[in-house]
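**Student:** Okay, here's the structure, questions in a sec.
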Amino acid sequence: MFTQKDILERGIEEIIDKESLKKKLKSGKKLRVKFGIDPTTSDIHLGHTVPLWKLRQFQDQGHRVILIIGDFTARIGDPSGQSKERTVLTKKQVEVNMKHYIKQVGKILNTEKLEVYCNSKWHGGKDGLELLLKLGRTITMEQLTKRSAYREAVQIREGGSVTEFLYPLFQGYDSVEIRADIEIGGTDQIFNLLMGRQVQQRFGQAPQDVITLPLLLGTDGVKKMSKSLGNYIAIQDKPSEMFGKIMSIQDNEIVKYFELVTPMPLEKVQGMKKLKITGKIARDLKIQLARTITELYWGEKEAEKAQKKFEVQFQKQGMPKDVLTHKASTNSILDLLVEVGFVKSKNEARQLIQQGGVYVDDKKMIDFGLIPKKPFTLRVGRRKIIKIL
């Protein structure tokens with residue numbers, strides 16, 4: 001069971017206002033903790049679970065978690081961290097994604113103690129124009145255009161749409177409707193989260209406290225976990241695939257994964273932070289992490305089978321029976337990594353080699369030169385493997 005210490009210290013990037021939050025937690029009041037999600041996809045990956053675990057910490061302490069399904073705002077598209085305007089979803093797409101999302105959320109949260117609202121309930125009504133006029137007076141254009149996400153959008157593409165500018169206001173008003181005491185989100189959501197405070201005050205409510213959480217790096221150890229980058233671990237991945245993907249993460253990310261996406265006690269996580277995570281220690285901890293996460297979503301028996309399969313394939317130098325083969329058309333190792341689809345560019349290939357993530361016949365690749373004599377086995381991390389002819 002998570003503690004109040006987990007709420008205040010575990011996986012936190014920033015708390016606004018920390019002293020206010022401490023007082024609320026000490027008051028004994030059952031707080032209303034808001035988290036909003038636009039169901040733009042039907043699958044959840046481990047990066048998406050970071051805020052869900054923070055919500056679970058609040059649930060374990062008896063607080064009320066409020067999940068806002070942005071079925072209205074998903075049809076606008078949040079520009080946070082986007083270099084181009086998001087694709088507008090249809091109502092049907094949103095409904096399908098929402099159904100799958102709620103089912104997956106139940107892997108972490110107690111859905112019987114969860115309040116779920118669709119924000120079309122208040123944004124899509126007949127009083128929408130009156131609400132929009134009032135929201136429009138909440139913030140100035142100067143404040144909006146100072147936001148880095150909007151500046152980048154204007155610089156990189158041909159301007160941001162009017163609906164994108166309205167998005168933070170709509171998200172902020174969600175806090176008014178459910179009378180949020182706290183709202184959580186990733187660091188890329190800070191502007192929208194603070195907007196909730198401003199809009200609440202505009203409507204005569206006490207401002208919510210804000211907790212921002214770090215963004216989980218993907219299996220490449222370079223960029224945040226994302227389906228579009230192919231560096232994600234979906235919670236619906238098959239057990240052996242999930243186990244293998246987790247074994248491919250960078251050693252310096254192991255402890256962060258334990259902290260952000262598992263229920264491991266905080267004291268143990270803090271103890272791990274004192275260790276030098278290399279060699280056998282890193283390998284053993286990574287196996288423990290893969291086993292823990294796979295068991296969370298698939299159960300003990302499936303996790304055990306996934307671990308045994310992994311050990312046969314890799315730790316005991318076994319070769320998967322269904323390993324793919326490829327006839328190389330290049331002599332460059334950088335070009336080959338792109339050619340087989342393990343990376344998207346030679347720059348990414350160079351980064352992987354520098355990080356020690358590329359293996360030829362289970363020997364770590366240390367240079368960017370020519371490929372060795374064929375045939376040989378090419379491997380990236382612990383999951384991507386192919387025989388080169």
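Ordering of the structure tokens sets the chain letters (A, B, ...), residue numbers begin anew at 1 in every chain, and ligands are numbered from 1 in the order given.
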Do a neighbour search on range 284-300 of chain A at 10 Å with only C-alpha atoms, toss out local chain neighbours closer than 5 positions, and write the hits as a ChimeraX atom specification.

**Tutor:** /A:46,104,107-108,235-251,253-255,257-258,261-264,272,277-279,305-307,310-311

**Student:** Would you output that residue set with N, CA and C atoms, as an mmCIF file, in the first residue's frame?

**Tutor:**
```cif
data_model
loop_
_atom_site.group_PDB
_atom_site.id
_atom_site.type_symbol
_atom_site.label_atom_id
_atom_site.label_comp_id
_atom_site.auth_asym_id
_atom_site.auth_seq_id
_atom_site.Cartn_x
_atom_site.Cartn_y
_atom_site.Cartn_z
ATOM 1 N N LEU A 46 3.739 2.002 -21.116
ATOM 2 C CA LEU A 46 4.211 2.248 -19.745
ATOM 3 C C LEU A 46 4.338 3.736 -19.437
ATOM 4 N N GLN A 104 -8.105 -0.829 -19.585
ATOM 5 C CA GLN A 104 -6.686 -0.929 -19.251
ATOM 6 C C GLN A 104 -6.352 -0.187 -17.955
ATOM 7 N N LYS A 107 -6.169 -2.023 -14.648
ATOM 8 C CA LYS A 107 -5.007 -2.822 -14.261
ATOM 9 C C LYS A 107 -4.235 -2.161 -13.120
ATOM 10 N N ILE A 108 -4.437 -0.848 -12.942
ATOM 11 C CA ILE A 108 -3.694 -0.099 -11.931
ATOM 12 C C ILE A 108 -4.617 0.521 -10.888
ATOM 13 N N ILE A 235 1.143 -2.056 -22.476
ATOM 14 C CA ILE A 235 0.750 -2.959 -21.392
ATOM 15 C C ILE A 235 -0.046 -4.145 -21.917
ATOM 16 N N GLN A 236 -0.419 -4.102 -23.202
ATOM 17 C CA GLN A 236 -1.087 -5.236 -23.820
ATOM 18 C C GLN A 236 -0.141 -6.058 -24.705
ATOM 19 N N ASP A 237 1.146 -5.714 -24.695
ATOM 20 C CA ASP A 237 2.127 -6.551 -25.381
ATOM 21 C C ASP A 237 2.073 -7.959 -24.790
ATOM 22 N N LYS A 238 2.298 -8.960 -25.625
ATOM 23 C CA LYS A 238 2.335 -10.331 -25.127
ATOM 24 C C LYS A 238 3.457 -10.472 -24.097
ATOM 25 N N PRO A 239 3.288 -11.395 -23.119
ATOM 26 C CA PRO A 239 4.263 -11.508 -22.020
ATOM 27 C C PRO A 239 5.720 -11.594 -22.455
ATOM 28 N N SER A 240 6.024 -12.465 -23.418
ATOM 29 C CA SER A 240 7.423 -12.620 -23.841
ATOM 30 C C SER A 240 7.943 -11.366 -24.521
ATOM 31 N N GLU A 241 7.064 -10.681 -25.279
ATOM 32 C CA GLU A 241 7.466 -9.444 -25.945
ATOM 33 C C GLU A 241 7.697 -8.343 -24.916
ATOM 34 N N MET A 242 6.799 -8.256 -23.931
ATOM 35 C CA MET A 242 6.936 -7.262 -22.875
ATOM 36 C C MET A 242 8.235 -7.483 -22.098
ATOM 37 N N PHE A 243 8.481 -8.729 -21.713
ATOM 38 C CA PHE A 243 9.688 -9.057 -20.949
ATOM 39 C C PHE A 243 10.930 -8.666 -21.747
ATOM 40 N N GLY A 244 10.951 -9.040 -23.031
ATOM 41 C CA GLY A 244 12.104 -8.736 -23.868
ATOM 42 C C GLY A 244 12.331 -7.254 -24.055
ATOM 43 N N LYS A 245 11.258 -6.499 -24.230
ATOM 44 C CA LYS A 245 11.390 -5.049 -24.392
ATOM 45 C C LYS A 245 11.970 -4.406 -23.142
ATOM 46 N N ILE A 246 11.496 -4.854 -21.987
ATOM 47 C CA ILE A 246 11.993 -4.279 -20.733
ATOM 48 C C ILE A 246 13.480 -4.595 -20.557
ATOM 49 N N MET A 247 13.890 -5.789 -20.980
ATOM 50 C CA MET A 247 15.301 -6.149 -20.887
ATOM 51 C C MET A 247 16.174 -5.325 -21.832
ATOM 52 N N SER A 248 15.552 -4.612 -22.765
ATOM 53 C CA SER A 248 16.330 -3.810 -23.717
ATOM 54 C C SER A 248 16.497 -2.356 -23.284
ATOM 55 N N ILE A 249 15.911 -1.952 -22.153
ATOM 56 C CA ILE A 249 16.058 -0.561 -21.728
ATOM 57 C C ILE A 249 17.492 -0.308 -21.262
ATOM 58 N N GLN A 250 17.878 0.950 -21.239
ATOM 59 C CA GLN A 250 19.223 1.312 -20.813
ATOM 60 C C GLN A 250 19.393 1.101 -19.301
ATOM 61 N N ASP A 251 20.594 0.693 -18.895
ATOM 62 C CA ASP A 251 20.846 0.405 -17.478
ATOM 63 C C ASP A 251 20.537 1.593 -16.578
ATOM 64 N N GLU A 253 18.256 3.611 -16.688
ATOM 65 C CA GLU A 253 16.822 3.870 -16.558
ATOM 66 C C GLU A 253 16.125 2.870 -15.642
ATOM 67 N N ILE A 254 16.835 1.843 -15.197
ATOM 68 C CA ILE A 254 16.213 0.759 -14.423
ATOM 69 C C ILE A 254 15.519 1.272 -13.161
ATOM 70 N N VAL A 255 16.245 2.046 -12.364
ATOM 71 C CA VAL A 255 15.687 2.524 -11.093
ATOM 72 C C VAL A 255 14.494 3.452 -11.331
ATOM 73 N N TYR A 257 12.394 3.342 -13.779
ATOM 74 C CA TYR A 257 11.247 2.498 -14.118
ATOM 75 C C TYR A 257 10.631 1.909 -12.851
ATOM 76 N N PHE A 258 11.473 1.399 -11.936
ATOM 77 C CA PHE A 258 10.958 0.859 -10.679
ATOM 78 C C PHE A 258 10.149 1.928 -9.941
ATOM 79 N N VAL A 261 6.804 3.184 -12.532
ATOM 80 C CA VAL A 261 5.778 2.301 -13.111
ATOM 81 C C VAL A 261 5.653 0.948 -12.422
ATOM 82 N N THR A 262 6.091 0.865 -11.158
ATOM 83 C CA THR A 262 5.855 -0.347 -10.362
ATOM 84 C C THR A 262 5.452 0.069 -8.946
ATOM 85 N N PRO A 263 4.860 -0.858 -8.188
ATOM 86 C CA PRO A 263 4.493 -0.549 -6.801
ATOM 87 C C PRO A 263 5.590 -0.864 -5.795
ATOM 88 N N MET A 264 6.826 -1.032 -6.245
ATOM 89 C CA MET A 264 7.921 -1.327 -5.310
ATOM 90 C C MET A 264 7.972 -0.273 -4.207
ATOM 91 N N MET A 272 18.072 1.504 -4.033
ATOM 92 C CA MET A 272 18.638 1.216 -5.354
ATOM 93 C C MET A 272 19.412 2.406 -5.910
ATOM 94 N N ILE A 277 24.753 0.876 -10.828
ATOM 95 C CA ILE A 277 23.973 -0.042 -11.661
ATOM 96 C C ILE A 277 24.770 -0.421 -12.915
ATOM 97 N N THR A 278 25.622 -1.396 -12.775
ATOM 98 C CA THR A 278 26.421 -1.896 -13.904
ATOM 99 C C THR A 278 26.581 -3.408 -13.772
ATOM 100 N N GLY A 279 27.032 -4.047 -14.849
ATOM 101 C CA GLY A 279 27.375 -5.462 -14.822
ATOM 102 C C GLY A 279 26.269 -6.358 -14.307
ATOM 103 N N LYS A 305 6.944 -17.902 -17.473
ATOM 104 C CA LYS A 305 7.192 -18.471 -18.806
ATOM 105 C C LYS A 305 7.974 -17.502 -19.683
ATOM 106 N N ALA A 306 7.632 -16.209 -19.583
ATOM 107 C CA ALA A 306 8.322 -15.188 -20.381
ATOM 108 C C ALA A 306 9.789 -15.112 -19.991
ATOM 109 N N GLN A 307 10.070 -15.215 -18.687
ATOM 110 C CA GLN A 307 11.458 -15.159 -18.226
ATOM 111 C C GLN A 307 12.246 -16.373 -18.726
ATOM 112 N N PHE A 310 13.023 -15.991 -22.368
ATOM 113 C CA PHE A 310 14.091 -15.011 -22.557
ATOM 114 C C PHE A 310 15.457 -15.633 -22.261
ATOM 115 N N GLU A 311 15.533 -16.373 -21.151
ATOM 116 C CA GLU A 311 16.810 -16.971 -20.761
ATOM 117 C C GLU A 311 17.291 -17.972 -21.799
#
```

**Student:** Pick out each residue of range 178-326 of chain A that DSSP on the backbone tags as strand (DSSP E or B); I need them as a PyMOL selection string.

**Tutor:** chain A and resi 182-186+209-213+217+224+234+324-326

**Student:** Keeping N, CA and C atoms, export the residues of the selection given above as a short mmCIF file (atom, residue, chain, number, x, y, z; two decimals), in the first residue's frame.

**Tutor:**
```cif
data_model
loop_
_atom_site.label_atom_id
_atom_site.label_comp_id
_atom_site.auth_asym_id
_atom_site.auth_seq_id
_atom_site.Cartn_x
_atom_site.Cartn_y
_atom_site.Cartn_z
N ILE A 182 -6.65 18.89 -6.64
CA ILE A 182 -5.31 18.61 -7.18
C ILE A 182 -5.47 18.14 -8.62
N GLU A 183 -4.52 18.53 -9.48
CA GLU A 183 -4.47 17.95 -10.82
C GLU A 183 -3.05 17.50 -11.09
N ILE A 184 -2.92 16.34 -11.72
CA ILE A 184 -1.59 15.82 -12.05
C ILE A 184 -1.44 15.69 -13.56
N GLY A 185 -0.17 15.69 -14.00
CA GLY A 185 0.12 15.54 -15.42
C GLY A 185 1.62 15.55 -15.66
N GLY A 186 2.02 15.29 -16.90
CA GLY A 186 3.43 15.30 -17.26
C GLY A 186 4.00 16.71 -17.28
N ASP A 209 -4.04 22.49 -6.48
CA ASP A 209 -2.60 22.31 -6.48
C ASP A 209 -2.23 21.44 -7.68
N VAL A 210 -1.01 21.59 -8.15
CA VAL A 210 -0.57 20.92 -9.37
C VAL A 210 0.65 20.06 -9.09
N ILE A 211 0.62 18.82 -9.58
CA ILE A 211 1.77 17.93 -9.47
C ILE A 211 2.20 17.54 -10.89
N THR A 212 3.45 17.86 -11.24
CA THR A 212 3.96 17.42 -12.55
C THR A 212 4.89 16.23 -12.36
N LEU A 213 4.83 15.31 -13.31
CA LEU A 213 5.57 14.05 -13.24
C LEU A 213 6.55 13.96 -14.40
N LEU A 217 11.42 7.69 -20.35
CA LEU A 217 12.17 7.46 -21.59
C LEU A 217 11.83 6.08 -22.14
N LYS A 224 11.37 10.34 -25.08
CA LYS A 224 10.27 9.87 -24.26
C LYS A 224 9.53 8.75 -24.97
N ALA A 234 3.95 -1.53 -24.63
CA ALA A 234 2.51 -1.46 -24.40
C ALA A 234 2.12 -2.43 -23.30
N LEU A 324 14.29 -13.99 -38.04
CA LEU A 324 14.25 -13.54 -39.43
C LEU A 324 15.65 -13.52 -40.03
N THR A 325 15.72 -13.62 -41.34
CA THR A 325 16.99 -13.50 -42.04
C THR A 325 16.90 -12.34 -43.03
N HIS A 326 18.06 -11.79 -43.37
CA HIS A 326 18.09 -10.65 -44.29
C HIS A 326 19.38 -10.69 -45.10
#
```

**Student:** Distance CA of Asp60 in chain A-CA of Gln4 in chain A, one decimal place?

**Tutor:** 9.0 Å

**Student:** Quick one: residues within 12 Å of Leu215 in chain A, only C-alpha atoms counted, chain neighbours fewer than 4 positions away excluded, as number ranges by chain?

**Tutor:** A: 11-13, 46-51, 81, 185-189, 221-226, 253, 256-257, 260-261

**Student:** Which residues come within 9 Å of Glu95 in chain A, counting only C-alpha atoms, excluding same-chain residues fewer than 5 positions away, as a list of chain:residue names?

**Tutor:**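 Surrounding residues, per the criterion: A:Pro39, A:Asp71, A:Thr90, A:His100.
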
**Student:** Could you please take those selected residues and save N, CA and C atoms as a tab-separated table (two decimals), in the first residue's frame?

**Tutor:**
```
chain	number	residue	atom	x	y	z
A	39	PRO	N	-8.58	10.45	-25.34
A	39	PRO	CA	-8.43	9.09	-25.88
A	39	PRO	C	-8.09	9.09	-27.37
A	71	ASP	N	-13.42	13.50	-24.37
A	71	ASP	CA	-14.06	13.16	-25.64
A	71	ASP	C	-14.36	14.41	-26.46
A	90	THR	N	-12.85	11.52	-35.00
A	90	THR	CA	-14.30	11.50	-35.08
A	90	THR	C	-14.87	11.09	-33.73
A	100	HIS	N	-11.60	1.06	-24.61
A	100	HIS	CA	-10.38	0.28	-24.39
A	100	HIS	C	-9.53	0.88	-23.27
```

**Student:** From the set A:Glu348, A:Asp38, A:Asp17, A:Asp43, which residue has the shortest atom-to-atom contact distance to Thr73 in chain A, counting only C-alpha atoms?

**Tutor:**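 Answer, going by the shortest atom-to-atom distance: A:Asp38.
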
**Student:** For a test of reading the model, state the distance in Å between CA of Lys34 in chain A and CA of Ile66 in chain A, rounded to one decimal.

**Tutor:**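 Interatomic distance, CA of Lys34 in chain A to CA of Ile66 in chain A: 4.8 Å.
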
**Student:** Mind pulling up the distance from CA of Val94 in chain A to CA of Met195 in chain A?

**Tutor:** 24.2 Å

**Student:** Choose the residue, out of A:Arg350, A:Arg379, A:Arg283, A:Arg56, that has the smallest atom-to-atom separation from Lys364 in chain A; count only C-alpha atoms.

**Tutor:**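 Selected residue with least distance to Lys364 in chain A: A:Arg379.
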
**Student:** Where in range 212-257 of chain A does DSSP assign alpha helix (DSSP H), given as a ChimeraX atom specification?

**Tutor:** /A:239-247,254-257

**Student:** What's the 7 Å shell around Val380 in chain A, counting only C-alpha atoms, without same-chain residues fewer than 5 positions away, as a PyMOL selection string?

**Tutor:** chain A and resi 357-359+385

**Student:** Grab the residues selected above and save them as a short mmCIF file (atom, residue, chain, number, x, y, z; two decimals), in the first residue's frame with N, CA and C atoms.

**Tutor:**
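Written output follows (again-v1.cif):
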```cif
data_model
loop_
_atom_site.label_atom_id
_atom_site.label_comp_id
_atom_site.auth_asym_id
_atom_site.auth_seq_id
_atom_site.Cartn_x
_atom_site.Cartn_y
_atom_site.Cartn_z
N GLY A 357 24.43 -0.57 -27.44
CA GLY A 357 23.21 -1.35 -27.62
C GLY A 357 23.17 -2.21 -28.87
N VAL A 358 24.27 -2.28 -29.63
CA VAL A 358 24.29 -3.05 -30.87
C VAL A 358 25.29 -4.20 -30.72
N TYR A 359 24.82 -5.43 -31.07
CA TYR A 359 25.66 -6.62 -30.92
C TYR A 359 25.77 -7.37 -32.24
N ILE A 385 16.39 -8.89 -33.22
CA ILE A 385 17.45 -9.80 -33.63
C ILE A 385 17.17 -10.29 -35.04
#
```

**Student:** Rank A:Ile281, A:Ile44, A:Gly70, A:Arg202 by their smallest atom-to-atom distance to Tyr232 in chain A, using only C-alpha atoms, and report the top residue only.

**Tutor:** A:Ile44

**Student:** Compare A:Lys346, A:Lys280, A:Lys374, A:Lys309 by their minimum atom-to-atom distance to Asn331 in chain A, counting only C-alpha atoms, and give me the closest one.

**Tutor:**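 Nearest candidate to Asn331 in chain A out of A:Lys346, A:Lys280, A:Lys374, A:Lys309: A:Lys374.
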
**Student:** What's the 12 Å shell around Lys26 in chain A, counting only C-alpha atoms, without same-chain residues fewer than 4 positions away, as a PyMOL selection string?

**Tutor:** chain A and resi 4-5+8+19-22+30-31+61
